[in-house]
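Enquirer: Can you keep this structure in mind? I'll have questions shortly.
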Amino acid sequence: MLDLATNRLPWHPTSFIGRQQEINQLCALLQRQEVRLLTLTGPAGVGKTRLSIEVGTRLIEKFADGVFFVPLASVTDPQQVVMAILQTLSIDEVGTVSPLASLQTALRDKELLLILDNFEQVLEAGTVLAALLAACPRLKMLVTSRIVLRLLAEWEVMLSPLSIPPTDPPLDPDQLCHYEAVALFVARAQAVKVDFALSSATAGVIATICTRLDGLPLAIELAAARSKYFSPQQLLAQLKDALAILSQGASDLPERQRTMRAAIAWSYQLLTEPERQIFRRLSVFADSYDEEAAATVCNAASPIPISVLEGMLSLVDKSLLRSLQHAEHAPRFQMLTLLREFGLACLTSAEEVEPTREAHATLYLKLAEQAPVEREQKQWHDRLEQEHSHLRAALAWWLEGTSRAKQEATELALRLCLALSEFWQRRGHQREARDFFERALQQREGVSKELQARALYQLFLLETTQDDYQAAEAHLAESFALSEELGSGRDCVVCLTGFVRLALIQCQHEVVKTRVAELRRRCQVVADDASLGLALTFFARSCWLQGDYAQARELLEESKRCYQRAQSPYVLLPQTHLARLLFLANQDLAQAQALAEQCLKGWQALGEKEQSASTLNLLGQIALFQGGLALAQSLFEQSLAIVEETLDRSMRAEMLLGLARLCLQRHEPERACELFQEIVTLLREIGSRQILPAALEGWGFALARTCRPGQAAQLWGAALLRRESAGIKRQPIEVPFYESQVREVRSQLGESRWNAAIAQGKDMTLEALVAHVKAAEPAALPHREVGEPSKTQEPENNSPLPAGLTERESEVLRLLAQGLSNAQIAERLVISPRTVTTHLSSIYGKIGVSSRSAATRYAVDHNVI
């Protein structure tokens, strides 16, 4: 007879956190008439047991005869499952009747829910469950298992790890607490250290910890328990060997749950030997992969006696592998980070690391060296982006881990670097690319000179992007010398294009002209229309910087023809430069806009980030000139968001220049001063000359509008000196505004003070000038702006804004107070999430708060919403 006194579930000393969606889903399924057997699957440590108990607690009132929890972790014989259920329900066996028959008789008319926990090691007892369900029509079962049961009546729900926050852009503490993994970490850390709190200083570190642990509850609880001894920063550092430190769980936990390694080992031991081979060999994959790649790598150390695909599907069923479905492509597979670490340890123990790693690295070198036609470039770069983690792992193996001869390994690494160089450049991975090239070239002794020459040229390009011109010139010269020695005419032409690029950056206009002439001569012998087209584009820019717009336009037309002969999609490059020339020379604004819009579509179709950013910036300048301030801001912020991904500081300065000019148009001179100062400082650090005069002049405009005419004139003097030394003419579209500002300030100062200020600006070093301007106290704002407002300016918003907030900051604060996330604010305002984070940082500083909730209270108190 069923003893209802045992109708209770295990008590847990800790609070249950998160999983509300899963609880609702499981409760709803178990109340559906057709669902009799529900299996909750998932990897080790994902929290199946704890969730099943919580679901059972919620459903006690729904089952007339109760909910019973049957622990099976200690049961290894499938025949003992019935005895475990009888014991839990306090049912006595009847004479010579079998235990199963006794159980069927006792439960025949009962409406109850059985929770069978840890069923994976007694799967053969699945037939018992089927027999019970057949004999007891009102009985339902919730089974937790790392392996599916494969019964006809089975419904399966796979439990995923807890939600984890993004680490970029960083979130504030209030936002982080909405993520289940973080909430669990904080709660368990407070249990061992009552004063533990999530703060602005630790928020990013804790988010990274939770991400590093895949959001697995057991791993998070084990890590959080160490908060008693270590700070979050120290704990994160220890997670380099996560399985070693995720130990010492509570003594009242089952043995297999006291360490993360033991929890995973429990699953590993249940595998067949071929499945173990597949599991440990798949651990070399750093991210997701397809069936073909898996088969190649898994069979490298020795042939697998079963189908690799069937083995992987079995591992998915056993919660050791995840299948990632995609509507348009074949499924890919992925292993959680902690499972990978366990698998790699097993791979080492089996002495299979070398052949498996070599097969993995060789596979991805072969992939990278495929040469798609240019019209498929975007799709190809998308593919390389998907496989990027594997490509990194291959490079790391040949540079650090392989037992190959150093020369051979370095050549393989350089081949892979060269195969990835265009992808790295186009997709904004320049810093990482430079690191790999430098590491490989440091051990290049004995490597073929051809490989060295090509690698040195790519390193030059990367150093140029990162404004390291001295190193760039040295490596370019070395590449050119090796190419000359090898008699490689085409590589010499490519290097000459590099010399043109470098000379343009440094405003060495005569060098540009000389190098292009030399390149033309060489191209008569070695036809390389693409390189000549690129050099002519650089030459055109040199000409318009000097004010020769007719020559610049002729060169861009010739460049376009070169790219067309080469059948290159980068014919967009001279077209984009032509649009910029038409705008800056104030020749045809409508044509400039139409051409820029057309080019933007082309760059985006190619997946070309830097050129997309540059073209967005150009369109922003056009919109600003036409008076579309909101559109201009959106375009500038889009371009800046892209450039921040690429880490190109020169381009970042150019993008900020647009935003600074926008602030001038919006009558925000203080903010404009901040931006212009940042631009000038950045340009001084990197030694970039092309836009420095314009930045200095813009800073002067902003200072003039804050009643600092003397310092404005000093900056204009500094700009004049740098225009003269670099041969940079003021662009025609900039002249009217510049001249009107100069007249106003010159009138205010008088001729002698004006001349003195200009002379001072020319005499001071840039570093001294920046320090001088920063140190001087600004005067009170005038009653009117210096200079006449542009006819294109939008009306100024005269409504009072609290705490010195700008209009955009007030708008961001209002949306925050309405409960919108950073992503939702970014979407509403058509800006990047990173820009929203920047605005919030400024807002918090101005209103003196440190969290979203405090900012919301401020917004309510000051009628911002």
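As shown in the structure tokens, the chain order sets the letters A, B, ...; within each chain, residues go from 1, and ligands are also counted from 1 in the order they appear.
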With only C-alpha atoms as the counted atoms, please give the residues lying no more than 8 Å from segment 96-99 of chain A, apart from itself and same-chain residues fewer than 6 positions off, as an MDAnalysis selection string.

Expert: chainID A and resid 82:83 86

Enquirer: From the list A:Leu100, A:Leu29, A:Ala295, A:Leu9, which residue is nearest Phe68 of chain A when using only C-alpha atoms?

Expert: A:Leu9

Enquirer: I'd like the contact shell of Arg281 of chain A - 8 Å cut-off, only C-alpha atoms, skipping same-chain residues fewer than 5 positions apart - returned as a PyMOL selection string.

Expert: chain A and resi 297-298+343-344+347+352+356

Enquirer: Can I get the selection written as a PDB file, in the first residue's frame, with N, CA and C atoms?

Expert:
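Okay, this is what ended up in result02.pdb:
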ATOM      1  N   VAL A 297      39.744  14.638 -38.833  1.00  0.00           N
ATOM      2  CA  VAL A 297      40.576  14.753 -37.639  1.00  0.00           C
ATOM      3  C   VAL A 297      40.489  13.501 -36.768  1.00  0.00           C
ATOM      4  N   CYS A 298      39.299  12.962 -36.626  1.00  0.00           N
ATOM      5  CA  CYS A 298      39.122  11.819 -35.720  1.00  0.00           C
ATOM      6  C   CYS A 298      39.843  10.567 -36.204  1.00  0.00           C
ATOM      7  N   GLY A 343      38.467  16.522 -22.368  1.00  0.00           N
ATOM      8  CA  GLY A 343      38.816  15.718 -23.541  1.00  0.00           C
ATOM      9  C   GLY A 343      40.284  15.858 -23.915  1.00  0.00           C
ATOM     10  N   LEU A 344      40.832  17.074 -23.816  1.00  0.00           N
ATOM     11  CA  LEU A 344      42.239  17.275 -24.146  1.00  0.00           C
ATOM     12  C   LEU A 344      43.149  16.524 -23.166  1.00  0.00           C
ATOM     13  N   LEU A 347      43.085  13.057 -24.274  1.00  0.00           N
ATOM     14  CA  LEU A 347      43.860  12.919 -25.502  1.00  0.00           C
ATOM     15  C   LEU A 347      45.351  12.796 -25.179  1.00  0.00           C
ATOM     16  N   GLU A 352      47.674  10.735 -28.136  1.00  0.00           N
ATOM     17  CA  GLU A 352      47.131  10.977 -29.483  1.00  0.00           C
ATOM     18  C   GLU A 352      47.173  12.461 -29.863  1.00  0.00           C
ATOM     19  N   THR A 356      46.618  14.077 -33.945  1.00  0.00           N
ATOM     20  CA  THR A 356      45.304  14.725 -34.020  1.00  0.00           C
ATOM     21  C   THR A 356      45.451  16.221 -34.252  1.00  0.00           C
TER      22      THR A 356
END

Enquirer: So the first atom is atom CA of Leu589 of chain A and the second is atom CA of Gln665 of chain A; what is the distance between them in Å, to one decimal place?

Expert: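 Computing the Euclidean distance for atom CA of Leu589 of chain A and atom CA of Gln665 of chain A yields 19.2 Å.
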
Enquirer: Residues near Leu72 of chain A, anyone? I mean within 9 Å using only C-alpha atoms, not counting same-chain ones fewer than 2 positions away, as a list in words.

Expert: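 Here the qualifying residues turn out to be Val70, Ser74, Val75, Thr76, Val81, Ala84, Leu116, Asp117, Asn118, Phe119, Gln121 and Val122 of chain A.
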
Enquirer: For all heavy atoms, I'd like the residues from the last selection saved as a short mmCIF file (atom, residue, chain, number, x, y, z; two decimals), in the first residue's frame.

Expert:
data_model
loop_
_atom_site.label_atom_id
_atom_site.label_comp_id
_atom_site.auth_asym_id
_atom_site.auth_seq_id
_atom_site.Cartn_x
_atom_site.Cartn_y
_atom_site.Cartn_z
N VAL A 70 12.96 9.79 -6.82
CA VAL A 70 13.67 8.52 -6.70
C VAL A 70 15.12 8.72 -7.13
O VAL A 70 15.41 8.83 -8.34
CB VAL A 70 13.03 7.43 -7.58
CG1 VAL A 70 13.74 6.09 -7.37
CG2 VAL A 70 11.54 7.30 -7.28
N SER A 74 23.22 5.98 -7.00
CA SER A 74 23.95 4.86 -6.41
C SER A 74 23.52 3.51 -6.98
O SER A 74 24.07 2.48 -6.61
CB SER A 74 23.76 4.86 -4.89
OG SER A 74 22.38 4.71 -4.59
N VAL A 75 22.55 3.53 -7.89
CA VAL A 75 22.05 2.28 -8.47
C VAL A 75 22.79 2.01 -9.77
O VAL A 75 22.75 2.83 -10.69
CB VAL A 75 20.54 2.37 -8.74
CG1 VAL A 75 20.04 1.07 -9.38
CG2 VAL A 75 19.79 2.64 -7.45
N THR A 76 23.48 0.90 -9.87
CA THR A 76 24.23 0.56 -11.08
C THR A 76 23.65 -0.63 -11.82
O THR A 76 23.95 -0.85 -12.99
CB THR A 76 25.69 0.26 -10.74
OG1 THR A 76 25.73 -0.80 -9.77
CG2 THR A 76 26.38 1.51 -10.18
N VAL A 81 16.29 -0.94 -10.25
CA VAL A 81 15.51 0.29 -10.38
C VAL A 81 14.13 0.12 -9.75
O VAL A 81 13.64 1.00 -9.02
CB VAL A 81 15.40 0.70 -11.86
CG1 VAL A 81 14.39 1.85 -12.02
CG2 VAL A 81 16.76 1.12 -12.40
N ALA A 84 14.37 0.34 -6.07
CA ALA A 84 14.57 1.71 -5.61
C ALA A 84 13.25 2.48 -5.57
O ALA A 84 12.99 3.26 -4.64
CB ALA A 84 15.57 2.42 -6.52
N LEU A 116 12.60 10.38 -11.56
CA LEU A 116 13.68 9.40 -11.54
C LEU A 116 14.97 10.11 -11.92
O LEU A 116 15.17 10.51 -13.07
CB LEU A 116 13.38 8.26 -12.51
CG LEU A 116 12.03 7.54 -12.25
CD1 LEU A 116 11.69 6.61 -13.39
CD2 LEU A 116 12.10 6.76 -10.94
N ASP A 117 15.87 10.26 -10.94
CA ASP A 117 17.06 11.09 -11.12
C ASP A 117 18.29 10.26 -11.43
O ASP A 117 18.53 9.24 -10.80
CB ASP A 117 17.30 11.90 -9.84
CG ASP A 117 18.39 12.92 -9.99
OD1 ASP A 117 18.39 13.63 -11.02
OD2 ASP A 117 19.24 13.01 -9.09
N ASN A 118 19.07 10.71 -12.43
CA ASN A 118 20.32 10.05 -12.84
C ASN A 118 20.07 8.66 -13.43
O ASN A 118 20.57 7.65 -12.95
CB ASN A 118 21.29 9.94 -11.66
CG ASN A 118 21.83 11.29 -11.24
OD1 ASN A 118 21.60 11.73 -10.13
ND2 ASN A 118 22.53 11.96 -12.13
N PHE A 119 19.33 8.64 -14.51
CA PHE A 119 18.95 7.37 -15.13
C PHE A 119 20.00 6.87 -16.13
O PHE A 119 19.89 5.75 -16.63
CB PHE A 119 17.60 7.55 -15.85
CG PHE A 119 16.80 6.30 -15.99
CD1 PHE A 119 16.00 5.84 -14.95
CD2 PHE A 119 16.84 5.55 -17.15
CE1 PHE A 119 15.26 4.67 -15.06
CE2 PHE A 119 16.10 4.38 -17.29
CZ PHE A 119 15.30 3.94 -16.24
N GLN A 121 22.97 5.62 -16.10
CA GLN A 121 23.75 4.40 -15.92
C GLN A 121 22.88 3.15 -15.79
O GLN A 121 23.39 2.05 -15.61
CB GLN A 121 24.68 4.54 -14.71
CG GLN A 121 24.04 4.31 -13.35
CD GLN A 121 23.31 5.55 -12.85
OE1 GLN A 121 23.10 6.49 -13.60
NE2 GLN A 121 22.93 5.55 -11.60
N VAL A 122 21.55 3.32 -15.90
CA VAL A 122 20.64 2.16 -15.82
C VAL A 122 19.67 2.19 -17.00
O VAL A 122 18.48 1.88 -16.86
CB VAL A 122 19.87 2.15 -14.48
CG1 VAL A 122 20.80 1.78 -13.33
CG2 VAL A 122 19.19 3.49 -14.21
#

Enquirer: Neighbours of Pro669 of chain A within 8 Å (only C-alpha atoms; same-chain residues fewer than 6 positions away dropped), as a compact mmCIF listing (two decimals) with all heavy atoms, in the first residue's frame?

Expert:
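Contents of part_30.txt, as written:
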# COMPACT_ATOMS: atom_id res chain seq x y z
N CYS A 663 29.17 68.63 -33.34
CA CYS A 663 28.95 69.33 -32.07
C CYS A 663 29.00 70.84 -32.26
O CYS A 663 28.26 71.60 -31.62
CB CYS A 663 29.98 68.89 -31.04
SG CYS A 663 29.73 67.21 -30.44
N ALA A 702 36.05 75.77 -31.89
CA ALA A 702 35.35 75.48 -30.63
C ALA A 702 35.79 76.41 -29.51
O ALA A 702 34.97 76.89 -28.72
CB ALA A 702 35.59 74.02 -30.25
N LEU A 703 37.09 76.70 -29.44
CA LEU A 703 37.59 77.60 -28.41
C LEU A 703 37.07 79.01 -28.61
O LEU A 703 36.75 79.72 -27.64
CB LEU A 703 39.12 77.60 -28.42
CG LEU A 703 39.80 76.34 -27.88
CD1 LEU A 703 41.30 76.41 -28.11
CD2 LEU A 703 39.50 76.15 -26.40
N ARG A 705 34.27 79.81 -29.69
CA ARG A 705 32.87 79.85 -29.24
C ARG A 705 32.76 79.76 -27.72
O ARG A 705 31.66 79.85 -27.19
CB ARG A 705 32.10 78.71 -29.89
CG ARG A 705 31.97 78.89 -31.39
CD ARG A 705 31.02 77.89 -32.01
NE ARG A 705 30.84 78.19 -33.42
CZ ARG A 705 29.86 77.68 -34.16
NH1 ARG A 705 28.97 76.87 -33.60
NH2 ARG A 705 29.75 77.98 -35.43
N THR A 706 33.86 79.56 -27.04
CA THR A 706 33.84 79.60 -25.57
C THR A 706 34.64 80.79 -25.05
O THR A 706 35.21 80.75 -23.96
CB THR A 706 34.41 78.29 -24.99
OG1 THR A 706 35.74 78.11 -25.47
CG2 THR A 706 33.57 77.09 -25.36

Enquirer: Pull the strand (DSSP E or B) assignments for segment 68-206 of chain A out of DSSP run on the backbone, and list those residues as JSON, numbers by chain.

Expert: {"A": [68, 69, 70, 71, 112, 113, 114, 115, 116, 117, 139, 140, 141, 142, 143, 144, 145, 154, 155, 156, 157, 158]}

Enquirer: For Ser752 of chain A, which of A:Arg730, A:Leu451, A:Gly710, A:Glu387 is the closest residue, counting only C-alpha atoms?

Expert: A:Gly710

Enquirer: Please determine, counting only C-alpha atoms, which residue among A:Lys406, A:Leu656, A:Leu395, A:Gly311 has the shortest atom-to-atom distance to Ala433 of chain A.

Expert: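 Ranking A:Lys406, A:Leu656, A:Leu395, A:Gly311 by distance to Ala433 of chain A, first place goes to A:Leu395.
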
Enquirer: Using only C-alpha atoms, determine which residues lie at most 7 Å from Phe636 of chain A, disregarding the query and same-chain residues fewer than 3 positions distant; provide the list as a list of chain:residue names.

Expert: A:Leu616, A:Asn617, A:Gly620, A:Ala632, A:Gln633, A:Ser639, A:Leu640, A:Met655, A:Gly658, A:Leu659

Enquirer: Residues as selected, N, CA and C atoms, written as a PDB file, in the first residue's frame, can you do that?

Expert:
ATOM      1  N   LEU A 616      30.742  55.693 -45.015  1.00  0.00           N
ATOM      2  CA  LEU A 616      29.720  56.195 -44.099  1.00  0.00           C
ATOM      3  C   LEU A 616      30.114  57.571 -43.560  1.00  0.00           C
ATOM      4  N   ASN A 617      31.386  57.729 -43.252  1.00  0.00           N
ATOM      5  CA  ASN A 617      31.872  59.009 -42.747  1.00  0.00           C
ATOM      6  C   ASN A 617      31.713  60.109 -43.795  1.00  0.00           C
ATOM      7  N   GLY A 620      28.234  61.089 -43.922  1.00  0.00           N
ATOM      8  CA  GLY A 620      27.940  61.921 -42.754  1.00  0.00           C
ATOM      9  C   GLY A 620      28.374  63.362 -42.960  1.00  0.00           C
ATOM     10  N   ALA A 632      23.464  62.936 -39.968  1.00  0.00           N
ATOM     11  CA  ALA A 632      24.923  62.998 -39.883  1.00  0.00           C
ATOM     12  C   ALA A 632      25.423  62.271 -38.639  1.00  0.00           C
ATOM     13  N   GLN A 633      24.768  62.494 -37.507  1.00  0.00           N
ATOM     14  CA  GLN A 633      25.200  61.830 -36.274  1.00  0.00           C
ATOM     15  C   GLN A 633      25.098  60.315 -36.404  1.00  0.00           C
ATOM     16  N   SER A 639      29.986  54.688 -38.525  1.00  0.00           N
ATOM     17  CA  SER A 639      31.362  54.551 -39.016  1.00  0.00           C
ATOM     18  C   SER A 639      32.329  54.367 -37.852  1.00  0.00           C
ATOM     19  N   LEU A 640      32.114  55.097 -36.766  1.00  0.00           N
ATOM     20  CA  LEU A 640      33.004  54.991 -35.612  1.00  0.00           C
ATOM     21  C   LEU A 640      32.914  53.605 -34.972  1.00  0.00           C
ATOM     22  N   MET A 655      37.055  59.638 -38.031  1.00  0.00           N
ATOM     23  CA  MET A 655      35.636  59.506 -37.698  1.00  0.00           C
ATOM     24  C   MET A 655      35.229  60.497 -36.597  1.00  0.00           C
ATOM     25  N   GLY A 658      34.387  64.108 -37.685  1.00  0.00           N
ATOM     26  CA  GLY A 658      33.012  64.384 -38.105  1.00  0.00           C
ATOM     27  C   GLY A 658      32.105  64.681 -36.925  1.00  0.00           C
ATOM     28  N   LEU A 659      32.234  63.885 -35.858  1.00  0.00           N
ATOM     29  CA  LEU A 659      31.397  64.106 -34.669  1.00  0.00           C
ATOM     30  C   LEU A 659      31.709  65.443 -34.010  1.00  0.00           C
TER      31      LEU A 659
END

Enquirer: Compare A:Pro166, A:Gly204, A:Gly489, A:Pro303 by their minimum atom-to-atom distance to Ile278 of chain A, counting only C-alpha atoms, and give me the closest one.

Expert: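 Counting only C-alpha atoms, the residue closest to Ile278 of chain A is A:Pro303.
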
Enquirer: Would you list the contacts of Ile679 of chain A as a ChimeraX atom specification, taking every protein, DNA or RNA residue within 8 Å and counting only C-alpha atoms, but skipping same-chain residues closer than 5 positions in sequence?

Expert: /A:653,656-657,695

Enquirer: Please write the residues from the selection above to a file, keeping N, CA, C and O atoms, as a tab-separated table (two decimals), in the first residue's frame.

Expert:
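Just written: selection28.tsv:
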chain	number	residue	atom	x	y	z
A	653	ALA	N	40.49	58.71	-35.62
A	653	ALA	CA	40.62	60.17	-35.54
A	653	ALA	C	39.78	60.84	-36.62
A	653	ALA	O	39.12	61.85	-36.38
A	656	LEU	N	36.11	60.66	-35.60
A	656	LEU	CA	35.81	61.59	-34.51
A	656	LEU	C	35.74	63.03	-35.02
A	656	LEU	O	35.01	63.86	-34.46
A	657	LEU	N	36.49	63.32	-36.06
A	657	LEU	CA	36.49	64.67	-36.62
A	657	LEU	C	35.09	65.06	-37.08
A	657	LEU	O	34.64	66.19	-36.87
A	695	ALA	N	42.04	69.31	-37.80
A	695	ALA	CA	41.68	69.09	-36.40
A	695	ALA	C	42.07	70.29	-35.54
A	695	ALA	O	41.31	70.71	-34.66

Enquirer: Could you tell me how far atom CA of Arg722 of chain A lies from atom CA of Thr464 of chain A, in Å and to one decimal?

Expert: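 Answer for the atom CA of Arg722 of chain A to atom CA of Thr464 of chain A separation: 21.3 Å.
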
Enquirer: A:Glu22, A:Asp174, A:Glu670, A:Asp435: which is nearest Ala197 of chain A, counting only C-alpha atoms?

Expert: A:Asp174

Enquirer: Residues of segment 708-768 of chain A in alpha helix (DSSP H) according to DSSP, as a PyMOL selection string?

Expert: chain A and resi 709-726+735-749+751-763+766-768

Enquirer: If I take atom CA of Glu510 of chain A and atom CA of Leu555 of chain A, how far is one from the other in Å, to one decimal?

Expert: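 Value for the atom CA of Glu510 of chain A-atom CA of Leu555 of chain A distance: 15.8 Å.
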